[in-house]
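Data block for model_8.cif (mmCIF, C-alpha atoms and all ligand atoms):
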```cif
data_upload
#
loop_
_atom_site.label_atom_id
_atom_site.label_comp_id
_atom_site.auth_asym_id
_atom_site.auth_seq_id
_atom_site.Cartn_x
_atom_site.Cartn_y
_atom_site.Cartn_z
CA MET A 1 14.30 16.57 -4.54
CA SER A 2 17.59 15.06 -3.43
CA ALA A 3 17.78 12.90 -0.36
CA SER A 4 20.58 11.44 1.72
CA LEU A 5 20.12 7.73 1.87
CA PRO A 6 19.42 5.61 4.92
CA ALA A 7 21.92 3.01 6.05
CA THR A 8 22.36 0.05 3.73
CA PRO A 9 21.50 -3.32 5.23
CA ALA A 10 24.09 -6.02 4.54
CA VAL A 11 22.38 -8.59 2.36
CA ALA A 12 23.25 -10.99 -0.39
CA SER A 13 22.02 -10.40 -3.92
CA ALA A 14 19.21 -12.70 -4.90
CA ARG A 15 18.80 -15.21 -7.70
CA LEU A 16 15.16 -15.87 -8.26
CA PRO A 17 13.12 -17.80 -10.78
CA SER A 18 11.48 -15.81 -13.55
CA ALA A 19 9.07 -18.54 -14.73
CA PRO A 20 5.34 -17.62 -14.72
CA HIS A 21 4.14 -17.17 -11.17
CA ALA A 22 1.65 -19.66 -9.74
CA LEU A 23 0.17 -16.90 -7.53
CA ASP A 24 -0.93 -15.02 -10.67
CA LEU A 25 -3.41 -17.84 -11.33
CA THR A 26 -7.09 -17.30 -10.75
CA ALA A 27 -9.05 -20.39 -9.66
CA GLN A 28 -10.39 -20.67 -13.23
CA ALA A 29 -6.87 -20.50 -14.73
CA PHE A 30 -5.75 -23.14 -12.23
CA ASP A 31 -8.64 -25.40 -13.31
CA ALA A 32 -7.74 -24.82 -16.95
CA LEU A 33 -4.31 -26.36 -16.36
CA GLY A 34 -6.22 -29.64 -16.35
CA SER A 35 -5.17 -32.97 -14.91
CA ASP A 36 -2.51 -32.83 -12.19
CA GLY A 37 -1.25 -36.33 -12.94
CA GLY A 38 -2.64 -37.67 -9.66
CA ALA A 39 -0.74 -35.20 -7.45
CA ALA A 40 -4.06 -34.06 -5.91
CA ILE A 41 -3.01 -30.40 -5.79
CA THR A 42 -5.80 -28.00 -4.87
CA TYR A 43 -5.96 -24.26 -5.57
CA ARG A 44 -5.65 -23.69 -1.80
CA ASP A 45 -2.26 -25.48 -1.80
CA LEU A 46 -0.74 -22.62 -3.84
CA PHE A 47 -1.16 -20.30 -0.84
CA SER A 48 0.72 -22.46 1.66
CA PRO A 49 2.41 -20.23 4.26
CA HIS A 50 5.15 -22.80 4.95
CA ALA A 51 8.73 -21.96 4.08
CA ASP A 52 9.33 -25.56 2.94
CA LEU A 53 6.73 -26.27 0.31
CA PRO A 54 5.66 -29.91 -0.04
CA ARG A 55 7.57 -31.97 -2.60
CA ARG A 56 4.41 -32.90 -4.52
CA LEU A 57 3.54 -29.19 -4.89
CA ARG A 58 7.03 -28.39 -6.15
CA ALA A 59 6.81 -31.28 -8.63
CA TRP A 60 3.42 -30.05 -9.84
CA ALA A 61 4.79 -26.53 -10.39
CA GLN A 62 7.79 -27.87 -12.28
CA ASP A 63 5.52 -29.98 -14.53
CA HIS A 64 3.55 -26.83 -15.40
CA GLY A 65 6.58 -24.54 -15.81
CA LEU A 66 5.49 -22.35 -12.88
CA SER A 67 7.41 -20.80 -10.01
CA LEU A 68 5.69 -21.00 -6.64
CA ARG A 69 7.62 -18.06 -5.17
CA ARG A 70 9.03 -14.91 -6.74
CA LEU A 71 10.12 -13.00 -3.65
CA GLU A 72 13.16 -13.70 -1.56
CA ALA A 73 13.10 -12.29 1.97
CA ILE A 74 16.58 -10.86 2.39
CA THR A 75 16.24 -8.88 5.61
CA ARG A 76 13.73 -8.87 8.43
CA GLU A 77 13.85 -6.01 10.95
CA ARG A 78 11.81 -6.40 14.11
CA GLY A 79 10.41 -3.44 16.02
CA GLY A 80 7.99 -3.14 18.95
CA ARG A 81 4.79 -4.10 17.19
CA SER A 82 5.95 -4.32 13.62
CA GLU A 83 8.38 -6.09 11.34
CA LYS A 84 9.76 -4.86 8.04
CA LEU A 85 10.72 -7.34 5.36
CA LEU A 86 12.85 -6.57 2.35
CA PHE A 87 11.85 -8.83 -0.54
CA ALA A 88 14.16 -9.19 -3.55
CA LEU A 89 12.52 -9.48 -6.95
CA PRO A 90 13.85 -11.44 -9.94
CA ASP A 91 14.95 -8.25 -11.74
CA GLY A 92 17.38 -7.05 -9.08
CA MET A 93 15.03 -4.64 -7.32
CA ALA A 94 13.60 -5.07 -3.83
CA ILE A 95 10.45 -3.88 -2.13
CA GLU A 96 9.57 -3.42 1.52
CA THR A 97 6.54 -5.01 3.17
CA VAL A 98 5.46 -4.41 6.76
CA LEU A 99 3.76 -6.70 9.25
CA ILE A 100 1.91 -4.97 12.10
CA ARG A 101 0.89 -7.10 15.08
CA ARG A 102 -2.48 -6.33 16.65
CA ARG A 103 -4.22 -8.10 19.52
CA ASP A 104 -6.70 -9.76 17.16
CA GLY A 105 -4.43 -10.59 14.26
CA HIS A 106 -1.82 -9.15 11.93
CA THR A 107 -1.98 -6.40 9.32
CA ALA A 108 0.02 -6.72 6.11
CA CYS A 109 1.09 -3.38 4.63
CA VAL A 110 1.87 -4.36 1.05
CA SER A 111 3.62 -2.65 -1.85
CA SER A 112 1.88 -2.39 -5.21
CA GLN A 113 4.68 -1.04 -7.43
CA VAL A 114 8.46 -1.03 -7.65
CA GLY A 115 8.94 2.64 -6.77
CA CYS A 116 6.34 5.31 -7.37
CA ALA A 117 5.78 8.01 -9.98
CA PHE A 118 4.07 10.49 -7.68
CA ALA A 119 7.12 11.79 -5.80
CA CYS A 120 5.24 13.03 -2.75
CA ARG A 121 7.49 15.41 -0.84
CA PHE A 122 6.88 13.67 2.47
CA CYS A 123 7.49 10.08 1.29
CA ALA A 124 10.63 8.01 0.69
CA SER A 125 9.01 5.56 -1.74
CA GLY A 126 8.77 7.91 -4.72
CA GLN A 127 12.29 9.35 -4.48
CA ALA A 128 13.70 7.18 -7.27
CA GLY A 129 10.64 7.29 -9.51
CA LEU A 130 8.69 4.30 -10.79
CA LYS A 131 10.58 1.24 -12.06
CA ARG A 132 7.67 -1.09 -12.83
CA ASN A 133 4.36 -2.44 -11.64
CA LEU A 134 4.20 -5.47 -9.37
CA SER A 135 2.24 -8.38 -10.81
CA ALA A 136 -0.89 -9.64 -9.07
CA GLY A 137 1.08 -12.69 -7.89
CA GLU A 138 3.89 -10.55 -6.44
CA ILE A 139 1.29 -8.61 -4.44
CA VAL A 140 -0.48 -11.78 -3.27
CA GLU A 141 2.83 -13.39 -2.32
CA GLN A 142 3.63 -10.57 0.13
CA VAL A 143 0.48 -11.52 2.06
CA VAL A 144 1.16 -15.25 1.87
CA ARG A 145 4.74 -14.83 3.11
CA LEU A 146 3.64 -12.85 6.18
CA GLY A 147 1.81 -15.90 7.49
CA PRO A 148 -1.65 -17.15 8.36
CA ARG A 149 -2.36 -14.61 11.12
CA VAL A 150 -2.78 -11.82 8.56
CA ASN A 151 -6.43 -10.75 8.71
CA ARG A 152 -6.08 -7.21 7.39
CA ILE A 153 -4.35 -5.93 4.29
CA VAL A 154 -3.56 -2.30 3.61
CA PHE A 155 -2.22 -1.08 0.27
CA MET A 156 0.00 1.51 1.96
CA GLY A 157 3.45 0.24 1.07
CA ILE A 158 5.56 1.33 -1.91
CA GLY A 159 3.59 2.48 -4.97
CA GLU A 160 0.29 4.04 -5.92
CA PRO A 161 -2.25 1.19 -6.22
CA LEU A 162 -4.57 2.97 -8.65
CA ASN A 163 -1.57 3.49 -10.94
CA ASN A 164 -1.37 -0.33 -11.19
CA TYR A 165 -5.12 -0.77 -11.30
CA ASP A 166 -5.48 -4.06 -13.18
CA ASN A 167 -2.88 -5.98 -11.17
CA VAL A 168 -4.09 -4.63 -7.81
CA LEU A 169 -7.69 -5.54 -8.61
CA ALA A 170 -6.57 -8.96 -9.88
CA ALA A 171 -4.63 -9.49 -6.63
CA ILE A 172 -7.68 -8.56 -4.53
CA ARG A 173 -9.79 -11.04 -6.50
CA ILE A 174 -7.21 -13.81 -6.03
CA LEU A 175 -6.94 -13.03 -2.30
CA ARG A 176 -10.69 -13.21 -1.80
CA GLU A 177 -11.22 -16.36 -3.92
CA ARG A 178 -13.27 -18.77 -1.84
CA ARG A 179 -11.19 -21.80 -2.90
CA GLY A 180 -7.93 -20.05 -2.01
CA LEU A 181 -7.27 -17.76 0.95
CA ALA A 182 -10.93 -16.61 1.08
CA PHE A 183 -9.73 -13.26 2.44
CA PRO A 184 -12.70 -11.02 3.35
CA THR A 185 -12.69 -7.86 1.24
CA THR A 186 -13.93 -5.89 4.25
CA GLY A 187 -10.44 -6.52 5.69
CA ILE A 188 -8.74 -4.86 2.71
CA THR A 189 -7.98 -1.13 2.55
CA LEU A 190 -6.84 0.52 -0.63
CA SER A 191 -4.98 3.72 0.11
CA THR A 192 -4.47 6.11 -2.80
CA ILE A 193 -3.70 9.70 -3.62
CA GLY A 194 -6.90 9.47 -5.66
CA ILE A 195 -6.43 9.23 -9.43
CA PRO A 196 -9.84 10.35 -10.78
CA LYS A 197 -9.93 7.79 -13.61
CA GLY A 198 -9.09 4.97 -11.19
CA LEU A 199 -11.68 6.15 -8.65
CA LYS A 200 -14.29 6.23 -11.41
CA ALA A 201 -13.50 2.62 -12.34
CA LEU A 202 -13.32 1.51 -8.70
CA ARG A 203 -16.81 2.90 -8.10
CA GLU A 204 -18.19 0.32 -10.51
CA GLU A 205 -16.40 -2.69 -8.94
CA HIS A 206 -18.49 -4.96 -6.75
CA LEU A 207 -15.94 -5.08 -3.97
CA ALA A 208 -16.64 -4.24 -0.34
CA ILE A 209 -13.14 -2.90 0.30
CA ASN A 210 -12.28 0.17 2.34
CA LEU A 211 -11.03 3.28 0.57
CA THR A 212 -8.59 5.83 1.96
CA ILE A 213 -7.61 8.99 0.09
CA SER A 214 -4.34 10.78 0.89
CA LEU A 215 -5.62 14.35 0.65
CA HIS A 216 -3.05 16.38 2.62
CA ALA A 217 -4.14 19.76 1.23
CA THR A 218 -7.14 22.02 0.84
CA THR A 219 -6.15 23.89 -2.35
CA GLN A 220 -4.93 22.77 -5.75
CA ASN A 221 -1.62 24.66 -5.50
CA GLN A 222 -0.86 23.36 -2.03
CA ARG A 223 -1.58 19.78 -3.15
CA ALA A 224 0.48 20.10 -6.34
CA ALA A 225 3.46 21.24 -4.25
CA LEU A 226 3.14 18.29 -1.86
CA ILE A 227 2.21 15.64 -4.48
CA PRO A 228 3.88 16.71 -7.74
CA GLY A 229 2.58 13.63 -9.59
CA ALA A 230 -1.00 14.67 -8.85
CA ARG A 231 -0.77 18.27 -10.14
CA LYS A 232 -2.99 17.42 -13.12
CA HIS A 233 -5.66 15.93 -10.85
CA ASP A 234 -8.11 18.58 -9.75
CA ILE A 235 -8.52 18.37 -5.97
CA GLY A 236 -12.26 19.02 -6.27
CA GLU A 237 -12.63 16.14 -8.70
CA VAL A 238 -10.60 13.79 -6.46
CA VAL A 239 -12.88 14.57 -3.51
CA ALA A 240 -16.05 14.32 -5.61
CA ARG A 241 -15.03 10.95 -7.12
CA ALA A 242 -14.18 9.53 -3.70
CA LEU A 243 -17.48 10.70 -2.22
CA SER A 244 -19.29 9.25 -5.22
CA TRP A 245 -17.63 5.86 -4.44
CA ALA A 246 -18.83 6.19 -0.83
CA HIS A 247 -22.42 6.95 -1.87
CA ARG A 248 -22.45 4.10 -4.40
CA HIS A 249 -21.16 1.54 -1.86
CA ASN A 250 -22.97 2.98 1.13
CA ARG A 251 -19.72 3.30 3.08
CA LEU A 252 -17.60 6.05 4.59
CA VAL A 253 -14.48 7.05 2.70
CA THR A 254 -11.48 8.04 4.81
CA PHE A 255 -9.45 11.11 3.90
CA VAL A 256 -5.98 11.24 5.41
CA TYR A 257 -4.64 14.69 6.18
CA LEU A 258 -0.97 14.91 7.06
CA VAL A 259 -0.75 18.09 9.11
CA LEU A 260 2.46 19.89 8.17
CA PRO A 261 3.45 23.00 10.14
CA GLY A 262 3.49 26.17 8.05
CA ILE A 263 2.21 24.31 4.97
CA ASN A 264 -1.37 23.15 5.49
CA ASP A 265 -2.19 23.84 9.13
CA SER A 266 -3.69 27.36 9.05
CA PRO A 267 -7.18 28.31 10.34
CA ALA A 268 -8.11 28.86 6.66
CA ASP A 269 -7.15 25.23 5.91
CA LEU A 270 -9.38 24.06 8.75
CA ASP A 271 -12.26 26.18 7.40
CA ARG A 272 -11.81 24.70 3.92
CA LEU A 273 -11.68 21.14 5.27
CA GLU A 274 -14.93 21.72 7.16
CA ALA A 275 -16.58 23.16 4.05
CA MET A 276 -15.41 20.19 1.94
CA PHE A 277 -16.67 17.44 4.21
CA ALA A 278 -19.52 18.63 6.44
CA GLY A 279 -22.58 16.52 5.67
CA THR A 280 -20.71 14.03 3.45
CA PRO A 281 -19.96 10.29 3.92
CA ALA A 282 -16.37 11.08 4.87
CA ARG A 283 -14.20 10.66 7.91
CA ILE A 284 -10.85 12.35 8.42
CA ASN A 285 -7.70 10.86 9.87
CA LEU A 286 -5.22 13.51 10.96
CA MET A 287 -1.60 12.40 10.94
CA ARG A 288 1.80 13.64 11.88
CA TRP A 289 4.63 13.31 9.41
CA ASN A 290 7.08 10.42 9.86
CA PRO A 291 10.62 11.70 9.23
CA VAL A 292 12.39 10.67 6.02
CA ASP A 293 16.16 11.10 5.59
CA GLY A 294 17.02 14.13 3.46
CA VAL A 295 13.51 15.63 3.54
CA ARG A 296 12.97 18.86 5.45
CA LEU A 297 9.47 18.90 6.86
CA GLY A 298 8.32 19.27 10.45
CA ARG A 299 6.20 17.33 12.92
CA THR A 300 3.15 19.30 13.89
CA PRO A 301 2.56 20.17 17.56
CA ASP A 302 -0.23 18.51 19.56
CA SER A 303 -2.01 21.86 19.96
CA THR A 304 -2.51 22.19 16.18
CA LEU A 305 -3.73 18.62 15.88
CA SER A 306 -6.19 19.26 18.72
CA ALA A 307 -7.47 22.45 17.07
CA PHE A 308 -8.09 20.58 13.81
CA ARG A 309 -9.70 17.62 15.58
CA GLU A 310 -12.03 19.83 17.62
CA GLY A 311 -12.95 22.05 14.67
CA LEU A 312 -13.83 19.10 12.43
CA ALA A 313 -15.77 17.36 15.21
CA ARG A 314 -17.76 20.58 15.82
CA ALA A 315 -18.64 20.54 12.12
CA GLY A 316 -20.06 17.02 12.60
CA ILE A 317 -17.25 15.30 10.67
CA PRO A 318 -15.97 11.99 12.14
CA VAL A 319 -12.31 12.63 12.90
CA ALA A 320 -9.43 10.84 14.61
CA VAL A 321 -5.76 11.50 15.17
CA ARG A 322 -3.81 8.48 13.93
CA ASP A 323 -0.26 7.51 14.74
CA THR A 324 1.25 4.88 12.48
CA GLN A 325 3.22 1.90 13.72
CA GLY A 326 6.78 1.13 12.77
CA ARG A 327 8.71 4.39 13.25
CA ASP A 328 11.24 2.49 15.40
CA ILE A 329 12.32 0.50 12.31
CA THR A 330 11.57 3.25 9.72
CA ALA A 331 8.60 1.24 8.53
CA ALA A 332 5.85 3.80 9.17
CA CYS A 333 3.80 5.51 6.45
CA GLY A 334 6.07 7.27 3.97
CA GLN A 335 9.30 5.74 5.30
CA LEU A 336 9.68 2.78 2.91
CA TRP A 337 12.49 3.08 0.36
CA LEU A 338 12.77 1.40 -2.97
CA ARG A 339 15.96 -0.68 -2.83
CA ASP A 340 17.99 -2.92 -5.05
CA SER A 341 18.39 -6.59 -4.21
CA ALA A 342 21.63 -5.83 -2.36
CA GLY A 343 19.55 -3.66 -0.01
CA ARG A 344 20.83 -0.28 -1.25
CA ALA A 345 18.20 2.48 -1.20
CA LEU A 346 17.69 4.13 -4.58
CA ALA A 347 17.83 7.93 -4.72
CA ALA A 348 16.22 10.41 -7.07
CA PRO A 349 17.48 10.32 -10.67
CA ALA A 350 20.15 12.97 -11.27
S1 LIG B 1 2.85 8.64 -0.62
FE1 LIG B 1 2.11 7.01 -1.99
S2 LIG B 1 1.76 8.08 -3.94
FE2 LIG B 1 3.09 9.42 -2.73
S3 LIG B 1 5.24 8.87 -3.34
FE3 LIG B 1 4.68 7.66 -1.51
S4 LIG B 1 3.96 5.71 -2.31
FE4 LIG B 1 3.85 7.21 -4.01
#
```

As structure tokens:
Amino acid sequence: MSASLPATPAVASARLPSAPHALDLTAQAFDALGSDGGAAITYRDLFSPHADLPRRLRAWAQDHGLSLRRLEAITRERGGRSEKLLFALPDGMAIETVLIRRRDGHTACVSSQVGCAFACRFCASGQAGLKRNLSAGEIVEQVVRLGPRVNRIVFMGIGEPLNNYDNVLAAIRILRERRGLAFPTTGITLSTIGIPKGLKALREEHLAINLTISLHATTQNQRAALIPGARKHDIGEVVARALSWAHRHNRLVTFVYLVLPGINDSPADLDRLEAMFAGTPARINLMRWNPVDGVRLGRTPDSTLSAFREGLARAGIPVAVRDTQGRDITAACGQLWLRDSAGRALAAPA
């Protein structure tokens, strides 16, 4: 799918260190570095939110051949309740990370990959394909750089987190490490299109995270058209694996359903959704599409959303209509572009 590109922010290209990243270290790996030569550096010090890191910390990192930061914030766009940061990476690419302000804290919407292989029709992030995975440290650093008021993390930025399973799980473990940020896993939401192999592995992890599945369809063909990268994943298996995770962890799993006029909003779709989820540990979030330059899809009318909400509620399924923050700065779900470190959005390969 071709797409016209959004305006290019004026930014400088970045020069960043490519030494091993201190934020990739687990507490055990930090301990294994041994004596700190009297600098009295603790594991917690690695997660300092300050822009100017203490001299003794910088000296410690230099002694160990580590870089304390790998991301360079090159633009910061402020909207009503959200901010979008463009972070340059050492290899000339850049990712977008979003901060959403709530009354009781901040939510960090983090990226997990540089680009995305799944090419969802409704999303900007997969337009240029997948360039590489982010490391655990590059994921953790996005949270650290957004500041100490972050008390929720959602993996809803660029990339499919289950397609970078090991690094995402490593990042979650580093974030929750008691001696570091001690981030509560109940404040972490992993949002995925639902790769069955990844869901199977996630079921066996002892992590009290929240799980959200981007469903968006009620038939295999409909889903394959909307999420080309998931055409080999049977929709029934995706749903079954997610519900199995919910049973195993005694939690509800959230299914997100982007209601798209003329595509997945028929009475038959509503019937199928009810049949899929009645009596299961699932809740459904209905969403409207957030416009993406060059993509022709529509925003569904309120009447259709109401019909879906009422039908699902009548079937006893917990349901809500969700609006995402950040449309004023094109930072809402599906609106984040992969960019290079000069801020240019990358289009689909020719
Ligand atoms: S919605 Fe998620 S899985 Fe689909 S292209 Fe965007 S980032 Fe990738």

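For ligand LIG 1 (chain B), the set of protein, DNA and RNA residues within 8 Å, based on only C-alpha atoms and all ligand atoms, reads Gly115, Cys116, Ala117, Phe118, Ala119, Cys120, Arg121, Phe122, Cys123, Ala124, Ser125, Gly126, Gln127, Met156, Gly157, Ile158, Gly159, Glu160, Thr192, Ile193, Ser214, Ile227, Gly229, Cys333 and Gly334 of chain A.
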
Q: Would you kindly return, as a list in words, each protein, DNA or RNA residue with an atom no farther than 10 Å from any atom of Ser111 of chain A, considering only C-alpha atoms and excluding same-chain residues fewer than 2 positions away?
A: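 In the requested format, the answer is Ile95, Glu96, Thr97, Val98, Ala108, Cys109, Gln113, Val114, Gly115, Ser125, Asn133, Leu134, Glu138, Ile139, Gln142, Val154, Phe155, Met156, Gly157, Ile158, Gly159, Glu160, Pro161, Val168 and Leu336 of chain A.
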
Q) With all atoms listed in the file as the atoms that count, which of A:Ile172, A:Leu85, A:Ala136, A:Ala128 lies nearest to His206 of chain A? A) A:Ile172

Q) Which is closer to Asp265 of chain A than all the others in A:Asp302, A:Glu141, A:Asp293, A:Asp323, using all atoms listed in the file? A)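 That would be A:Asp302, the residue with the smallest distance to Asp265 of chain A.
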
Q.
Measuring between all atoms listed in the file, which one of A:Asn210, A:Thr26, A:Thr42, A:Ser303 shows the shortest distance to Pro184 of chain A?
A.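 Among A:Asn210, A:Thr26, A:Thr42, A:Ser303, it is A:Asn210 that comes nearest to Pro184 of chain A.
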
Q) Expressed in Å to a single decimal, how great is the separation between atom CA of Ile100 of chain A and atom CA of Gly80 of chain A? A)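 Computed distance, atom CA of Ile100 of chain A to atom CA of Gly80 of chain A, equals 9.3 Å.
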
Q: Could you give me, as a PyMOL selection string, the residues that sit within 12 Å of (-5.7, 23.1, 14.8) in the file's coordinates, counting all atoms listed in the file?
A: chain A and resi 259-262+264-271+273+286+300-313+321

Q | Neighbour list for segment 211-213 of chain A as a PyMOL selection string, cut-off 7 Å, all atoms listed in the file, skip fewer than 5 positions in-chain | A | chain A and resi 189-194+253-256

Q | Separation of atom CA of Ala230 of chain A from atom CA of Trp289 of chain A, in Å and rounded to one decimal | A |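 Spanning atom CA of Ala230 of chain A to atom CA of Trp289 of chain A is a straight-line distance of 19.2 Å.
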
Starting from 6 Å padding per side, set up an axis-aligned box that covers all listed atoms of segment 29-35 of chain A and hand over centre and edge lengths in Å, one decimal, as AutoDock Vina command-line options.
```
--center_x -6.5 --center_y -26.7 --center_z -14.6 --size_x 16.3 --size_y 24.5 --size_z 16.7
```

Q: Can you work out which one of A:Ala51, A:Arg145, A:His64, A:Ala315 has the shortest atom-to-atom distance to Ala278 of chain A, counting all atoms listed in the file?
A: A:Ala315

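Counting all atoms listed in the file, the residue from A:Tyr165, A:Phe87, A:Phe47, A:Trp245 that sits nearest to Phe183 of chain A is A:Phe47.
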
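Our summary of the geometry notes that atom CA of Ala242 of chain A is positioned 8.3 Å from atom CA of Pro196 of chain A.
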